[in-house]
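Structure, as structure tokens:
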Amino acid sequence: MNELIPSTGQPHPGEGQTANAAQVWRAKMAQLGKDYGSFAQLGRKHFALFVESGMDLVVTFDNAARLAAMGAKGLPLGTELAQQHGFSTLTFMSAGQTWFRDADLFAYIDTLVDEGFFDSFKRVVFCGLGPVGGYAAAALSIAAPQPELILTSPVASLAPKDAPFETRFSRAKRLDFSTRFGFAPEMSAYAKALYLIFDPATTMSAAHAALYRGAHVTKISLPRHSPLIERLAMADGGLGDLVLALKADNPTARLRQIFRGRARADETYLVNLAAQAKARNHPKLAARAAGYTPTR
């Protein structure tokens, strides 16, 4: 297929200004949709970009405001999978912190289900990064037949009855998490496999992770990796390596290997590890972490 990733060159004249950058971004998304699949605005707060490339579909979630600020270079999370690995991609983008709780978005998903969109692929993988993306991927995965899920630090719900322990996201708690697609662990109960990657030392992440239960759930704990897990998920080989790991003989071991390998090449992680070791009075571990030189 033709190149999806824009070449690095002179930026569009309007990219220096927020309003113009947003217009450039919208035009870029519309062109990608026209050339490779479809692009749709779903009500006032959401967008959907579908890039058709193969019989494996990867569904991702992103923030439209973040992308629009980059103009033509603001490609949604996972778009490169089509070009690099031959995966079809469907990315939902939100304008603001909607947590993807929106009737227009739900109606669009209903249409996809009615048209047999998800059934037309041999394999469907939902990838959700962070509390918001992880929640949305789990909650909306019920639309596909036996999908596979990769979630990092996902929230299960912000409904007080489901997560009374949650003290973050005060504004988002005003949203309705009690109606359709509300409780993510229940919505993802029909997944073929769910890989939940989190830091057990982070109280809130661990509490939400505990709500995801079942034989299909595999929890991969990465102590002392928060708050870098989402960054590590996008480092180096990006989402492509994570999705390909699901085809390994031991996906759990492969995913753990990927994250640990990326962490050892991340200077922030090494600095944090050294500081934590020093605070716990482990000078040898601190010295080892501080003296570790990333391979790249």
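Labels for the structure tokens follow display order: chains A, B, ..., residues from 1 in each chain, ligands from 1.
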Fewer than 3 positions away in the same chain doesn't count, so skip those; otherwise give me all residues within 12 Å of Phe106 of chain A, counting only C-alpha atoms, as a PDB file with all heavy atoms, in the first residue's frame.
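Result file follows (out-v4.pdb):
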ATOM      1  N   LEU A  42     -18.433  11.292  14.616  1.00  0.00           N
ATOM      2  CA  LEU A  42     -19.540  10.663  15.327  1.00  0.00           C
ATOM      3  C   LEU A  42     -20.097  11.657  16.331  1.00  0.00           C
ATOM      4  O   LEU A  42     -19.602  11.777  17.453  1.00  0.00           O
ATOM      5  CB  LEU A  42     -19.056   9.395  16.047  1.00  0.00           C
ATOM      6  CG  LEU A  42     -18.135   8.474  15.223  1.00  0.00           C
ATOM      7  CD1 LEU A  42     -17.650   7.315  16.073  1.00  0.00           C
ATOM      8  CD2 LEU A  42     -18.854   7.994  13.976  1.00  0.00           C
ATOM      9  N   GLY A  43     -21.095  12.404  15.909  1.00  0.00           N
ATOM     10  CA  GLY A  43     -21.630  13.444  16.773  1.00  0.00           C
ATOM     11  C   GLY A  43     -20.640  14.576  16.931  1.00  0.00           C
ATOM     12  O   GLY A  43     -19.877  14.894  16.033  1.00  0.00           O
ATOM     13  N   HIS A  46     -16.596  12.690  18.883  1.00  0.00           N
ATOM     14  CA  HIS A  46     -15.786  11.527  18.519  1.00  0.00           C
ATOM     15  C   HIS A  46     -15.577  11.402  17.015  1.00  0.00           C
ATOM     16  O   HIS A  46     -16.378  11.907  16.225  1.00  0.00           O
ATOM     17  CB  HIS A  46     -16.417  10.230  19.064  1.00  0.00           C
ATOM     18  CG  HIS A  46     -16.449  10.160  20.556  1.00  0.00           C
ATOM     19  ND1 HIS A  46     -17.509  10.648  21.282  1.00  0.00           N
ATOM     20  CD2 HIS A  46     -15.538   9.695  21.454  1.00  0.00           C
ATOM     21  CE1 HIS A  46     -17.255  10.486  22.566  1.00  0.00           C
ATOM     22  NE2 HIS A  46     -16.077   9.911  22.698  1.00  0.00           N
ATOM     23  N   PHE A  47     -14.489  10.720  16.668  1.00  0.00           N
ATOM     24  CA  PHE A  47     -14.161  10.433  15.279  1.00  0.00           C
ATOM     25  C   PHE A  47     -13.769   8.965  15.180  1.00  0.00           C
ATOM     26  O   PHE A  47     -13.361   8.349  16.165  1.00  0.00           O
ATOM     27  CB  PHE A  47     -12.980  11.295  14.803  1.00  0.00           C
ATOM     28  CG  PHE A  47     -13.176  12.771  14.971  1.00  0.00           C
ATOM     29  CD1 PHE A  47     -12.805  13.405  16.150  1.00  0.00           C
ATOM     30  CD2 PHE A  47     -13.737  13.529  13.951  1.00  0.00           C
ATOM     31  CE1 PHE A  47     -12.975  14.762  16.306  1.00  0.00           C
ATOM     32  CE2 PHE A  47     -13.909  14.896  14.097  1.00  0.00           C
ATOM     33  CZ  PHE A  47     -13.536  15.519  15.283  1.00  0.00           C
ATOM     34  N   ALA A  48     -13.873   8.433  13.967  1.00  0.00           N
ATOM     35  CA  ALA A  48     -13.447   7.053  13.724  1.00  0.00           C
ATOM     36  C   ALA A  48     -12.714   6.999  12.395  1.00  0.00           C
ATOM     37  O   ALA A  48     -13.225   7.462  11.371  1.00  0.00           O
ATOM     38  CB  ALA A  48     -14.647   6.113  13.700  1.00  0.00           C
ATOM     39  N   PHE A  92     -10.713   4.939  17.323  1.00  0.00           N
ATOM     40  CA  PHE A  92     -11.710   5.877  17.834  1.00  0.00           C
ATOM     41  C   PHE A  92     -10.975   7.001  18.544  1.00  0.00           C
ATOM     42  O   PHE A  92     -10.070   6.751  19.345  1.00  0.00           O
ATOM     43  CB  PHE A  92     -12.662   5.176  18.810  1.00  0.00           C
ATOM     44  CG  PHE A  92     -13.546   4.154  18.153  1.00  0.00           C
ATOM     45  CD1 PHE A  92     -13.315   2.800  18.357  1.00  0.00           C
ATOM     46  CD2 PHE A  92     -14.593   4.537  17.333  1.00  0.00           C
ATOM     47  CE1 PHE A  92     -14.121   1.847  17.756  1.00  0.00           C
ATOM     48  CE2 PHE A  92     -15.404   3.598  16.723  1.00  0.00           C
ATOM     49  CZ  PHE A  92     -15.170   2.245  16.931  1.00  0.00           C
ATOM     50  N   PHE A 100     -15.088   7.920  26.140  1.00  0.00           N
ATOM     51  CA  PHE A 100     -15.789   7.195  25.075  1.00  0.00           C
ATOM     52  C   PHE A 100     -17.177   6.743  25.542  1.00  0.00           C
ATOM     53  O   PHE A 100     -17.690   5.724  25.099  1.00  0.00           O
ATOM     54  CB  PHE A 100     -14.947   6.016  24.584  1.00  0.00           C
ATOM     55  CG  PHE A 100     -13.628   6.457  24.000  1.00  0.00           C
ATOM     56  CD1 PHE A 100     -12.491   6.559  24.801  1.00  0.00           C
ATOM     57  CD2 PHE A 100     -13.528   6.808  22.661  1.00  0.00           C
ATOM     58  CE1 PHE A 100     -11.277   7.001  24.268  1.00  0.00           C
ATOM     59  CE2 PHE A 100     -12.314   7.244  22.120  1.00  0.00           C
ATOM     60  CZ  PHE A 100     -11.205   7.336  22.926  1.00  0.00           C
ATOM     61  N   ARG A 101     -17.782   7.554  26.401  1.00  0.00           N
ATOM     62  CA  ARG A 101     -19.146   7.316  26.873  1.00  0.00           C
ATOM     63  C   ARG A 101     -20.055   8.276  26.118  1.00  0.00           C
ATOM     64  O   ARG A 101     -20.271   9.418  26.532  1.00  0.00           O
ATOM     65  CB  ARG A 101     -19.248   7.576  28.388  1.00  0.00           C
ATOM     66  CG  ARG A 101     -18.321   6.759  29.254  1.00  0.00           C
ATOM     67  CD  ARG A 101     -18.703   5.304  29.295  1.00  0.00           C
ATOM     68  NE  ARG A 101     -20.061   5.116  29.768  1.00  0.00           N
ATOM     69  CZ  ARG A 101     -20.813   4.055  29.456  1.00  0.00           C
ATOM     70  NH1 ARG A 101     -20.334   3.105  28.670  1.00  0.00           N
ATOM     71  NH2 ARG A 101     -22.026   3.946  29.928  1.00  0.00           N
ATOM     72  N   ASP A 102     -20.568   7.840  24.976  1.00  0.00           N
ATOM     73  CA  ASP A 102     -21.312   8.759  24.114  1.00  0.00           C
ATOM     74  C   ASP A 102     -22.298   7.989  23.249  1.00  0.00           C
ATOM     75  O   ASP A 102     -21.941   6.976  22.629  1.00  0.00           O
ATOM     76  CB  ASP A 102     -20.325   9.534  23.241  1.00  0.00           C
ATOM     77  CG  ASP A 102     -21.010  10.551  22.349  1.00  0.00           C
ATOM     78  OD1 ASP A 102     -21.358  11.634  22.859  1.00  0.00           O
ATOM     79  OD2 ASP A 102     -21.196  10.251  21.159  1.00  0.00           O
ATOM     80  N   ALA A 103     -23.526   8.471  23.172  1.00  0.00           N
ATOM     81  CA  ALA A 103     -24.586   7.778  22.433  1.00  0.00           C
ATOM     82  C   ALA A 103     -24.293   7.697  20.942  1.00  0.00           C
ATOM     83  O   ALA A 103     -24.603   6.690  20.289  1.00  0.00           O
ATOM     84  CB  ALA A 103     -25.926   8.478  22.667  1.00  0.00           C
ATOM     85  N   ILE A 109     -21.085   2.028  16.615  1.00  0.00           N
ATOM     86  CA  ILE A 109     -20.675   0.645  16.882  1.00  0.00           C
ATOM     87  C   ILE A 109     -21.824  -0.315  16.579  1.00  0.00           C
ATOM     88  O   ILE A 109     -21.616  -1.396  16.013  1.00  0.00           O
ATOM     89  CB  ILE A 109     -20.197   0.507  18.334  1.00  0.00           C
ATOM     90  CG1 ILE A 109     -18.888   1.276  18.511  1.00  0.00           C
ATOM     91  CG2 ILE A 109     -20.008  -0.965  18.715  1.00  0.00           C
ATOM     92  CD1 ILE A 109     -18.375   1.314  19.929  1.00  0.00           C
ATOM     93  N   ASP A 110     -23.038   0.077  16.931  1.00  0.00           N
ATOM     94  CA  ASP A 110     -24.203  -0.751  16.614  1.00  0.00           C
ATOM     95  C   ASP A 110     -24.313  -0.980  15.110  1.00  0.00           C
ATOM     96  O   ASP A 110     -24.620  -2.089  14.652  1.00  0.00           O
ATOM     97  CB  ASP A 110     -25.484  -0.093  17.119  1.00  0.00           C
ATOM     98  CG  ASP A 110     -25.621  -0.165  18.633  1.00  0.00           C
ATOM     99  OD1 ASP A 110     -24.955  -1.016  19.247  1.00  0.00           O
ATOM    100  OD2 ASP A 110     -26.384   0.645  19.186  1.00  0.00           O
ATOM    101  N   THR A 111     -24.047   0.073  14.346  1.00  0.00           N
ATOM    102  CA  THR A 111     -24.110  -0.038  12.889  1.00  0.00           C
ATOM    103  C   THR A 111     -23.049  -1.008  12.376  1.00  0.00           C
ATOM    104  O   THR A 111     -23.320  -1.837  11.498  1.00  0.00           O
ATOM    105  CB  THR A 111     -23.912   1.344  12.237  1.00  0.00           C
ATOM    106  OG1 THR A 111     -24.961   2.220  12.658  1.00  0.00           O
ATOM    107  CG2 THR A 111     -23.938   1.236  10.713  1.00  0.00           C
ATOM    108  N   LEU A 112     -21.845  -0.914  12.921  1.00  0.00           N
ATOM    109  CA  LEU A 112     -20.777  -1.830  12.519  1.00  0.00           C
ATOM    110  C   LEU A 112     -21.171  -3.276  12.804  1.00  0.00           C
ATOM    111  O   LEU A 112     -20.935  -4.171  11.988  1.00  0.00           O
ATOM    112  CB  LEU A 112     -19.476  -1.490  13.249  1.00  0.00           C
ATOM    113  CG  LEU A 112     -18.820  -0.144  12.923  1.00  0.00           C
ATOM    114  CD1 LEU A 112     -17.532   0.010  13.737  1.00  0.00           C
ATOM    115  CD2 LEU A 112     -18.516  -0.010  11.436  1.00  0.00           C
ATOM    116  N   VAL A 113     -21.749  -3.498  13.975  1.00  0.00           N
ATOM    117  CA  VAL A 113     -22.171  -4.852  14.348  1.00  0.00           C
ATOM    118  C   VAL A 113     -23.266  -5.345  13.402  1.00  0.00           C
ATOM    119  O   VAL A 113     -23.220  -6.485  12.903  1.00  0.00           O
ATOM    120  CB  VAL A 113     -22.667  -4.882  15.806  1.00  0.00           C
ATOM    121  CG1 VAL A 113     -23.281  -6.246  16.134  1.00  0.00           C
ATOM    122  CG2 VAL A 113     -21.517  -4.576  16.768  1.00  0.00           C
ATOM    123  N   ALA A 136     -11.935   1.911  27.673  1.00  0.00           N
ATOM    124  CA  ALA A 136     -12.727   1.923  26.439  1.00  0.00           C
ATOM    125  C   ALA A 136     -12.547   0.638  25.644  1.00  0.00           C
ATOM    126  O   ALA A 136     -13.519   0.079  25.122  1.00  0.00           O
ATOM    127  CB  ALA A 136     -12.345   3.131  25.587  1.00  0.00           C
ATOM    128  N   ALA A 139     -14.457  -2.115  27.480  1.00  0.00           N
ATOM    129  CA  ALA A 139     -15.905  -1.916  27.476  1.00  0.00           C
ATOM    130  C   ALA A 139     -16.521  -2.132  26.103  1.00  0.00           C
ATOM    131  O   ALA A 139     -17.612  -2.698  25.984  1.00  0.00           O
ATOM    132  CB  ALA A 139     -16.233  -0.509  27.978  1.00  0.00           C
ATOM    133  N   LEU A 140     -15.832  -1.711  25.065  1.00  0.00           N
ATOM    134  CA  LEU A 140     -16.394  -1.789  23.716  1.00  0.00           C
ATOM    135  C   LEU A 140     -16.012  -3.068  22.979  1.00  0.00           C
ATOM    136  O   LEU A 140     -16.513  -3.322  21.884  1.00  0.00           O
ATOM    137  CB  LEU A 140     -15.957  -0.568  22.904  1.00  0.00           C
ATOM    138  CG  LEU A 140     -16.399   0.790  23.487  1.00  0.00           C
ATOM    139  CD1 LEU A 140     -15.893   1.941  22.632  1.00  0.00           C
ATOM    140  CD2 LEU A 140     -17.917   0.858  23.615  1.00  0.00           C
ATOM    141  N   SER A 141     -15.154  -3.872  23.577  1.00  0.00           N
ATOM    142  CA  SER A 141     -14.720  -5.105  22.913  1.00  0.00           C
ATOM    143  C   SER A 141     -15.861  -6.101  22.732  1.00  0.00           C
ATOM    144  O   SER A 141     -15.765  -7.008  21.901  1.00  0.00           O
ATOM    145  CB  SER A 141     -13.595  -5.769  23.717  1.00  0.00           C
ATOM    146  OG  SER A 141     -14.068  -6.239  24.975  1.00  0.00           O
ATOM    147  N   ILE A 142     -16.943  -5.928  23.466  1.00  0.00           N
ATOM    148  CA  ILE A 142     -18.075  -6.839  23.344  1.00  0.00           C
ATOM    149  C   ILE A 142     -18.701  -6.783  21.951  1.00  0.00           C
ATOM    150  O   ILE A 142     -19.433  -7.691  21.556  1.00  0.00           O
ATOM    151  CB  ILE A 142     -19.146  -6.521  24.419  1.00  0.00           C
ATOM    152  CG1 ILE A 142     -20.143  -7.676  24.539  1.00  0.00           C
ATOM    153  CG2 ILE A 142     -19.823  -5.187  24.128  1.00  0.00           C
ATOM    154  CD1 ILE A 142     -21.125  -7.518  25.683  1.00  0.00           C
ATOM    155  N   ALA A 143     -18.388  -5.745  21.196  1.00  0.00           N
ATOM    156  CA  ALA A 143     -18.937  -5.611  19.843  1.00  0.00           C
ATOM    157  C   ALA A 143     -18.369  -6.646  18.879  1.00  0.00           C
ATOM    158  O   ALA A 143     -18.990  -6.953  17.853  1.00  0.00           O
ATOM    159  CB  ALA A 143     -18.656  -4.202  19.305  1.00  0.00           C
ATOM    160  N   THR A 179     -24.971   2.702  32.304  1.00  0.00           N
ATOM    161  CA  THR A 179     -25.786   2.242  31.178  1.00  0.00           C
ATOM    162  C   THR A 179     -24.952   1.373  30.240  1.00  0.00           C
ATOM    163  O   THR A 179     -24.007   0.726  30.672  1.00  0.00           O
ATOM    164  CB  THR A 179     -26.385   3.451  30.436  1.00  0.00           C
ATOM    165  OG1 THR A 179     -25.324   4.366  30.101  1.00  0.00           O
ATOM    166  CG2 THR A 179     -27.397   4.178  31.319  1.00  0.00           C
ATOM    167  N   ARG A 180     -25.255   1.376  28.956  1.00  0.00           N
ATOM    168  CA  ARG A 180     -24.607   0.487  27.986  1.00  0.00           C
ATOM    169  C   ARG A 180     -23.082   0.567  28.041  1.00  0.00           C
ATOM    170  O   ARG A 180     -22.507   1.644  28.181  1.00  0.00           O
ATOM    171  CB  ARG A 180     -25.049   0.827  26.563  1.00  0.00           C
ATOM    172  CG  ARG A 180     -26.509   0.631  26.283  1.00  0.00           C
ATOM    173  CD  ARG A 180     -26.758   0.763  24.795  1.00  0.00           C
ATOM    174  NE  ARG A 180     -26.128  -0.327  24.051  1.00  0.00           N
ATOM    175  CZ  ARG A 180     -25.907  -0.283  22.730  1.00  0.00           C
ATOM    176  NH1 ARG A 180     -26.237   0.789  22.043  1.00  0.00           N
ATOM    177  NH2 ARG A 180     -25.343  -1.305  22.125  1.00  0.00           N
ATOM    178  N   PHE A 181     -22.455  -0.576  27.909  1.00  0.00           N
ATOM    179  CA  PHE A 181     -20.991  -0.684  27.895  1.00  0.00           C
ATOM    180  C   PHE A 181     -20.377  -0.100  29.167  1.00  0.00           C
ATOM    181  O   PHE A 181     -19.244   0.371  29.140  1.00  0.00           O
ATOM    182  CB  PHE A 181     -20.404   0.029  26.669  1.00  0.00           C
ATOM    183  CG  PHE A 181     -20.994  -0.368  25.350  1.00  0.00           C
ATOM    184  CD1 PHE A 181     -21.781   0.514  24.628  1.00  0.00           C
ATOM    185  CD2 PHE A 181     -20.779  -1.625  24.816  1.00  0.00           C
ATOM    186  CE1 PHE A 181     -22.333   0.159  23.397  1.00  0.00           C
ATOM    187  CE2 PHE A 181     -21.324  -1.992  23.591  1.00  0.00           C
ATOM    188  CZ  PHE A 181     -22.108  -1.104  22.885  1.00  0.00           C
ATOM    189  N   GLY A 182     -21.092  -0.123  30.275  1.00  0.00           N
ATOM    190  CA  GLY A 182     -20.631   0.584  31.461  1.00  0.00           C
ATOM    191  C   GLY A 182     -19.524  -0.092  32.238  1.00  0.00           C
ATOM    192  O   GLY A 182     -18.479   0.518  32.504  1.00  0.00           O
TER     193      GLY A 182
END
I need the residues in segment 28-180 of chain A that are helix (DSSP H, G or I) according to DSSP; give them as a VMD selection string.
chain A and resid 28 to 36 64 to 68 71 to 73 80 to 85 103 to 114 118 to 120 130 to 143 172 to 174
For segment 235-246 of chain A: contacts at 7 Å, only C-alpha atoms, fewer than 3 positions along chain excluded, given as a PyMOL selection string:
chain A and resi 78+81+231-232+251+254-255+262
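Counting only C-alpha atoms, the residue from A:Ser170, A:Thr252, A:Thr218, A:Ser188 that sits nearest to Pro147 of chain A is A:Ser188.
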From segment 43-246 of chain A, collect each residue whose DSSP state is strand (DSSP E or B) and return the set as a PyMOL selection string.
chain A and resi 46-51+56-63+88-94+123-129+148-152+193-198+217-221
Ranking A:Leu57, A:Ala172, A:Met29, A:Ala189 by minimum distance to Pro76 of chain A and counting only C-alpha atoms, which one comes first?
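Result for the nearest residue to Pro76 of chain A: A:Met29.
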